[in-house]
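K.L.:
One structure follows; several queries about it will come next.
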Amino acid sequence: MLLMPINMCHPGMRLAKNIYNDDGMVLLAVNVELSQRLIDRLFTYGIDYIYIQDSRTNDIIQEDVIQDETRTKAILEIRNTFKKVMEDSNKRGAVNYYDIGRNFRDVMKMIIDDLSAHQGAMVMLNNMNVKDNYLFQHSVNVSIYAIMLGISFGYSRENLETLGLGALLHDIGKTKVPLGILRKPSQLTEQEFTEMKNHTTYGFNILKDEPNIPLLSAHCALQHHERINGSGYPRGIQGTEINEFARWVGLVDSYDAMTTTRVYRRPLLPHEAMEQLFAGSGTMYDQSQIALFRDKIAIYPLGITVRLNTGEFGIVSKLNVTVPHRPIVRVLQDQAGQELKEPYEIDLSTKLSILISEIGEINVDEFNPDESMPTIF
């Protein structure tokens, strides 16, 4: 399979992985042939990249660390919970949410079990989902990242559930922020930004007194925008004053936000987002936490197209778990731009003079597929 930008896809290509709607249900299934109408719809829906079939790379398969059943259940639970909180905003008096913790116990168990079964894998969440409800998908992604890091860090099962619950509900306070502010496609005014920042306090107030929500989970909602140099909000606390779980959540919340399409900007590729995190190492984010995160994330996803500094063109065919930034590349074109009859692989962890110079934006019209493929370029 090839991981291609949607704006470089053409009619006749066939999907190699499912695309999901905002409920976590399959919108377009594997083997669907793309038409221009479908491509335009996917672009409108905010789909950034899709996997397409390619006979030269049909042995390259991304193994999902989270089962479809798990992701669907998590998205539905978070969607139903957030919508209930939104509806309750119009009610007078105190509102209790005794069922929130109970409702997410099964979700936490499923995510932890899925990730525990793939402890040696590098996580790739490519967000091939409709972006109608960014908040729901983002909440699930942050929970997956946080639990994955918690497992790698050696947390107990109880702590993993607490961390995962805090990550899943870290943005629940946004249910109290006006939709006009949440979905505004341009820069917020100072007053609007102040209201947006209040989501951390709103979230803490929703969660802190609920008997089925650990207080540490509620602190993830309160503190996930705090930064270790004191530049964050809502209280501007520093270093270890910020709860350790909240520091994990703040880190992965930033990463997922950067790598997802928003109404006001394009997404960053994984390696670009990781560079942004390292730019804030020791000031905004904990250096050791970033280092662990880097070692668990596939910053060059399987199947993505790359140009090497040698001029050769290819795709990432395998990941190097011990050296994430030096994957194995299958070369499809030589330096002269000629299609290779027999593609070969370069392990960048052993060829240190060879670098990836471009990613994901190669003009696919430059190369010719073999005769066994339909004419799609």
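Identifiers in this document derive from the order of the structure tokens: chains are assigned A, B, ..., residues are numbered from 1 separately in each chain, and ligands are numbered from 1 in order of occurrence.
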Name all residues at most 6 Å from stretch 345-361 of chain A (count only C-alpha atoms; drop same-chain ones fewer than 5 positions away) and give them as a list of chain:residue names.

P.N.:
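Everything that qualifies: A:Ile304, A:Thr305, A:Val306, A:Arg307, A:Leu308, A:Asn309, A:Arg326, A:Pro327, A:Ile328, A:Val329, A:Arg330, A:Val331.
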
K.L.:
Emit the selected residues as an mmCIF file, in the first residue's frame, including C-alpha atoms.

P.N.:
```cif
data_model
loop_
_atom_site.group_PDB
_atom_site.id
_atom_site.type_symbol
_atom_site.label_atom_id
_atom_site.label_comp_id
_atom_site.auth_asym_id
_atom_site.auth_seq_id
_atom_site.Cartn_x
_atom_site.Cartn_y
_atom_site.Cartn_z
ATOM 1 C CA ILE A 304 4.547 7.258 2.907
ATOM 2 C CA THR A 305 6.323 8.525 -0.218
ATOM 3 C CA VAL A 306 9.795 9.984 0.240
ATOM 4 C CA ARG A 307 12.579 11.562 -1.811
ATOM 5 C CA LEU A 308 16.134 10.790 -0.704
ATOM 6 C CA ASN A 309 19.042 13.234 -0.878
ATOM 7 C CA ARG A 326 16.002 6.122 10.179
ATOM 8 C CA PRO A 327 13.452 3.778 8.523
ATOM 9 C CA ILE A 328 13.928 1.321 5.672
ATOM 10 C CA VAL A 329 13.007 2.800 2.280
ATOM 11 C CA ARG A 330 11.991 0.832 -0.802
ATOM 12 C CA VAL A 331 13.415 2.668 -3.816
#
```

K.L.:
Using only C-alpha atoms, I'd like a table of the residues in stretch 156-195 of chain A that come within 10 Å of stretch 200-209 of chain A; for each, show the closest atom pair and its distance in Å rounded to one decimal, ordered by chain and ascending number, as a Markdown table.

P.N.:
```
| residue | atom | partner | partner_atom | distance |
| --- | --- | --- | --- | --- |
| A:Gly166 | CA | A:Leu207 | CA | 9.5 |
| A:Leu169 | CA | A:Gly203 | CA | 8.0 |
| A:His170 | CA | A:Gly203 | CA | 7.1 |
| A:Asp171 | CA | A:Gly203 | CA | 6.7 |
| A:Ile172 | CA | A:Gly203 | CA | 5.3 |
| A:Gly173 | CA | A:Gly203 | CA | 3.6 |
| A:Lys174 | CA | A:Gly203 | CA | 7.4 |
| A:Thr175 | CA | A:Gly203 | CA | 8.5 |
| A:Lys176 | CA | A:Tyr202 | CA | 6.9 |
| A:Val177 | CA | A:Tyr202 | CA | 8.8 |
```

K.L.:
Can I get the selection written as an mmCIF file, in the first residue's frame, with all heavy atoms?

P.N.:
```
data_model
loop_
_atom_site.group_PDB
_atom_site.id
_atom_site.type_symbol
_atom_site.label_atom_id
_atom_site.label_comp_id
_atom_site.auth_asym_id
_atom_site.auth_seq_id
_atom_site.Cartn_x
_atom_site.Cartn_y
_atom_site.Cartn_z
ATOM 1 N N GLY A 166 -8.219 10.170 32.338
ATOM 2 C CA GLY A 166 -7.895 11.599 32.316
ATOM 3 C C GLY A 166 -7.624 12.091 30.911
ATOM 4 O O GLY A 166 -8.018 13.195 30.537
ATOM 5 N N LEU A 169 -10.936 12.235 28.805
ATOM 6 C CA LEU A 169 -11.845 13.300 29.223
ATOM 7 C C LEU A 169 -11.140 14.644 29.406
ATOM 8 O O LEU A 169 -11.726 15.570 29.959
ATOM 9 C CB LEU A 169 -12.536 12.895 30.531
ATOM 10 C CG LEU A 169 -13.415 11.638 30.452
ATOM 11 C CD1 LEU A 169 -13.878 11.223 31.845
ATOM 12 C CD2 LEU A 169 -14.615 11.864 29.542
ATOM 13 N N HIS A 170 -9.915 14.778 28.911
ATOM 14 C CA HIS A 170 -9.148 15.998 29.183
ATOM 15 C C HIS A 170 -9.818 17.240 28.608
ATOM 16 O O HIS A 170 -9.662 18.340 29.136
ATOM 17 C CB HIS A 170 -7.718 15.864 28.640
ATOM 18 C CG HIS A 170 -7.592 16.012 27.157
ATOM 19 N ND1 HIS A 170 -7.963 15.014 26.270
ATOM 20 C CD2 HIS A 170 -7.134 17.034 26.378
ATOM 21 C CE1 HIS A 170 -7.747 15.422 25.038
ATOM 22 N NE2 HIS A 170 -7.245 16.632 25.062
ATOM 23 N N ASP A 171 -10.572 17.090 27.517
ATOM 24 C CA ASP A 171 -11.213 18.236 26.870
ATOM 25 C C ASP A 171 -12.718 18.307 27.130
ATOM 26 O O ASP A 171 -13.421 19.019 26.409
ATOM 27 C CB ASP A 171 -10.970 18.191 25.352
ATOM 28 C CG ASP A 171 -9.728 18.971 24.926
ATOM 29 O OD1 ASP A 171 -9.214 19.769 25.735
ATOM 30 O OD2 ASP A 171 -9.279 18.782 23.780
ATOM 31 N N ILE A 172 -13.211 17.615 28.141
ATOM 32 C CA ILE A 172 -14.648 17.609 28.382
ATOM 33 C C ILE A 172 -15.165 19.015 28.698
ATOM 34 O O ILE A 172 -16.326 19.336 28.432
ATOM 35 C CB ILE A 172 -15.015 16.623 29.513
ATOM 36 C CG1 ILE A 172 -16.537 16.370 29.516
ATOM 37 C CG2 ILE A 172 -14.513 17.106 30.873
ATOM 38 C CD1 ILE A 172 -16.955 15.245 30.452
ATOM 39 N N GLY A 173 -14.288 19.879 29.192
ATOM 40 C CA GLY A 173 -14.694 21.257 29.487
ATOM 41 C C GLY A 173 -15.058 22.049 28.247
ATOM 42 O O GLY A 173 -15.749 23.077 28.329
ATOM 43 N N LYS A 174 -14.634 21.596 27.063
ATOM 44 C CA LYS A 174 -14.991 22.298 25.831
ATOM 45 C C LYS A 174 -16.479 22.183 25.527
ATOM 46 O O LYS A 174 -16.995 22.932 24.680
ATOM 47 C CB LYS A 174 -14.153 21.782 24.658
ATOM 48 C CG LYS A 174 -12.698 22.250 24.714
ATOM 49 C CD LYS A 174 -11.916 21.834 23.482
ATOM 50 C CE LYS A 174 -10.489 22.386 23.547
ATOM 51 N NZ LYS A 174 -9.662 21.961 22.394
ATOM 52 N N THR A 175 -17.157 21.266 26.193
ATOM 53 C CA THR A 175 -18.611 21.177 26.019
ATOM 54 C C THR A 175 -19.315 22.403 26.582
ATOM 55 O O THR A 175 -20.484 22.637 26.284
ATOM 56 C CB THR A 175 -19.162 19.921 26.717
ATOM 57 O OG1 THR A 175 -18.828 19.963 28.117
ATOM 58 C CG2 THR A 175 -18.569 18.650 26.102
ATOM 59 N N LYS A 176 -18.617 23.181 27.395
ATOM 60 C CA LYS A 176 -19.185 24.396 27.987
ATOM 61 C C LYS A 176 -18.775 25.660 27.228
ATOM 62 O O LYS A 176 -19.205 26.762 27.571
ATOM 63 C CB LYS A 176 -18.726 24.529 29.450
ATOM 64 C CG LYS A 176 -19.068 23.340 30.338
ATOM 65 C CD LYS A 176 -20.564 23.168 30.513
ATOM 66 C CE LYS A 176 -20.878 22.051 31.512
ATOM 67 N NZ LYS A 176 -22.335 21.845 31.651
ATOM 68 N N VAL A 177 -17.918 25.501 26.217
ATOM 69 C CA VAL A 177 -17.463 26.642 25.409
ATOM 70 C C VAL A 177 -18.404 26.801 24.217
ATOM 71 O O VAL A 177 -18.745 25.811 23.563
ATOM 72 C CB VAL A 177 -16.014 26.419 24.919
ATOM 73 C CG1 VAL A 177 -15.568 27.556 24.008
ATOM 74 C CG2 VAL A 177 -15.066 26.286 26.115
#
```

K.L.:
Grab the atom CA of A:Phe278 to atom CA of A:Lys318 distance for me, in Å with one decimal place.

P.N.:
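Atom-to-atom, atom CA of A:Phe278 and atom CA of A:Lys318 are spaced 24.1 Å apart.
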
K.L.:
Compile the contact shell of stretch 139-144 of chain A as a PyMOL selection string: residues with an atom at most 7 Å away, counting only C-alpha atoms, same-chain residues fewer than 3 positions apart removed.

P.N.:
chain A and resi 74-75+111+135-136+147-148+164+167-169+249+252-253+256

K.L.:
DSSP on the backbone: which residues in stretch 76-285 of chain A end up as helix (DSSP H, G or I)? Give the answer as an MDAnalysis selection string.

P.N.:
chainID A and resid 76:88 99:116 134:153 157:168 172:176 179:182 190:197 199:207 215:223 239:241 244:258 270:279

K.L.:
Quick one: of A:Gln223, A:Asn159, A:Gln338, A:Thr57, who's nearest to A:Gly239, counting only C-alpha atoms?

P.N.:
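Among the listed residues, the smallest separation from A:Gly239 belongs to A:Gln223.
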
K.L.:
I'd like the contact shell of A:His10 - 9 Å cut-off, only C-alpha atoms, skipping same-chain residues fewer than 2 positions apart - returned as a list in words.

P.N.:
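That gives Ile6, Asn7, Met8, Gly12, Met13, Leu34, Ser35, Gln36, Ile39, Ile376 and Phe377 of chain A.
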
K.L.:
Can you work out which one of A:Asp106, A:Asp99, A:Asp48, A:Glu339 has the shortest atom-to-atom distance to A:Asn212, counting only C-alpha atoms?

P.N.:
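Among the listed residues, A:Asp99 lies closest to A:Asn212.
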
K.L.:
Within 6 Å of stretch 267-276 of chain A, counting only C-alpha atoms, which residues show up once you throw out same-chain ones fewer than 5 positions away? Write them as a list of chain:residue names, please.

P.N.:
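Near neighbours after the sequence-gap exclusion: A:Met258, A:Thr259, A:Thr260, A:Thr261, A:Ile299.
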
K.L.:
Need to verify the contact set: A:Ile181, 12 Å, only C-alpha atoms, exclusion of same-chain residues closer than 4 positions in sequence. Can you return it as a short mmCIF file (atom, residue, chain, number, x, y, z; two decimals) with N, CA and C atoms, in the first residue's frame?

P.N.:
```cif
data_model
loop_
_atom_site.label_atom_id
_atom_site.label_comp_id
_atom_site.auth_asym_id
_atom_site.auth_seq_id
_atom_site.Cartn_x
_atom_site.Cartn_y
_atom_site.Cartn_z
N LYS A 174 -14.63 21.60 27.06
CA LYS A 174 -14.99 22.30 25.83
C LYS A 174 -16.48 22.18 25.53
N THR A 175 -17.16 21.27 26.19
CA THR A 175 -18.61 21.18 26.02
C THR A 175 -19.31 22.40 26.58
N LYS A 176 -18.62 23.18 27.40
CA LYS A 176 -19.18 24.40 27.99
C LYS A 176 -18.78 25.66 27.23
N VAL A 177 -17.92 25.50 26.22
CA VAL A 177 -17.46 26.64 25.41
C VAL A 177 -18.40 26.80 24.22
N PRO A 185 -13.09 29.69 12.26
CA PRO A 185 -12.01 29.38 11.33
C PRO A 185 -10.88 30.39 11.29
N SER A 186 -11.00 31.46 12.07
CA SER A 186 -9.96 32.49 12.08
C SER A 186 -9.46 32.69 13.51
N GLN A 187 -8.50 33.57 13.67
CA GLN A 187 -7.90 33.81 14.98
C GLN A 187 -8.93 34.30 15.98
N LEU A 188 -8.85 33.78 17.21
CA LEU A 188 -9.78 34.20 18.25
C LEU A 188 -9.42 35.59 18.76
N THR A 189 -10.43 36.33 19.17
CA THR A 189 -10.18 37.60 19.84
C THR A 189 -9.64 37.31 21.23
N GLU A 190 -9.13 38.32 21.89
CA GLU A 190 -8.61 38.14 23.24
C GLU A 190 -9.69 37.61 24.18
N GLN A 191 -10.89 38.15 24.06
CA GLN A 191 -12.00 37.70 24.90
C GLN A 191 -12.38 36.25 24.59
N GLU A 192 -12.40 35.91 23.30
CA GLU A 192 -12.73 34.54 22.91
C GLU A 192 -11.67 33.56 23.38
N PHE A 193 -10.40 33.96 23.30
CA PHE A 193 -9.33 33.08 23.74
C PHE A 193 -9.39 32.85 25.25
N THR A 194 -9.75 33.90 25.99
CA THR A 194 -9.92 33.76 27.44
C THR A 194 -11.01 32.74 27.75
N GLU A 195 -12.11 32.81 26.99
CA GLU A 195 -13.19 31.84 27.20
C GLU A 195 -12.73 30.43 26.81
N MET A 196 -11.97 30.32 25.72
CA MET A 196 -11.46 29.00 25.32
C MET A 196 -10.57 28.41 26.41
N LYS A 197 -9.72 29.21 27.01
CA LYS A 197 -8.83 28.71 28.05
C LYS A 197 -9.60 28.24 29.28
N ASN A 198 -10.81 28.73 29.45
CA ASN A 198 -11.62 28.32 30.60
C ASN A 198 -12.04 26.85 30.53
N HIS A 199 -11.83 26.20 29.37
CA HIS A 199 -12.27 24.81 29.26
C HIS A 199 -11.55 23.90 30.25
N VAL A 263 -9.60 23.74 11.24
CA VAL A 263 -10.28 24.67 10.32
C VAL A 263 -9.37 25.82 9.91
#
```
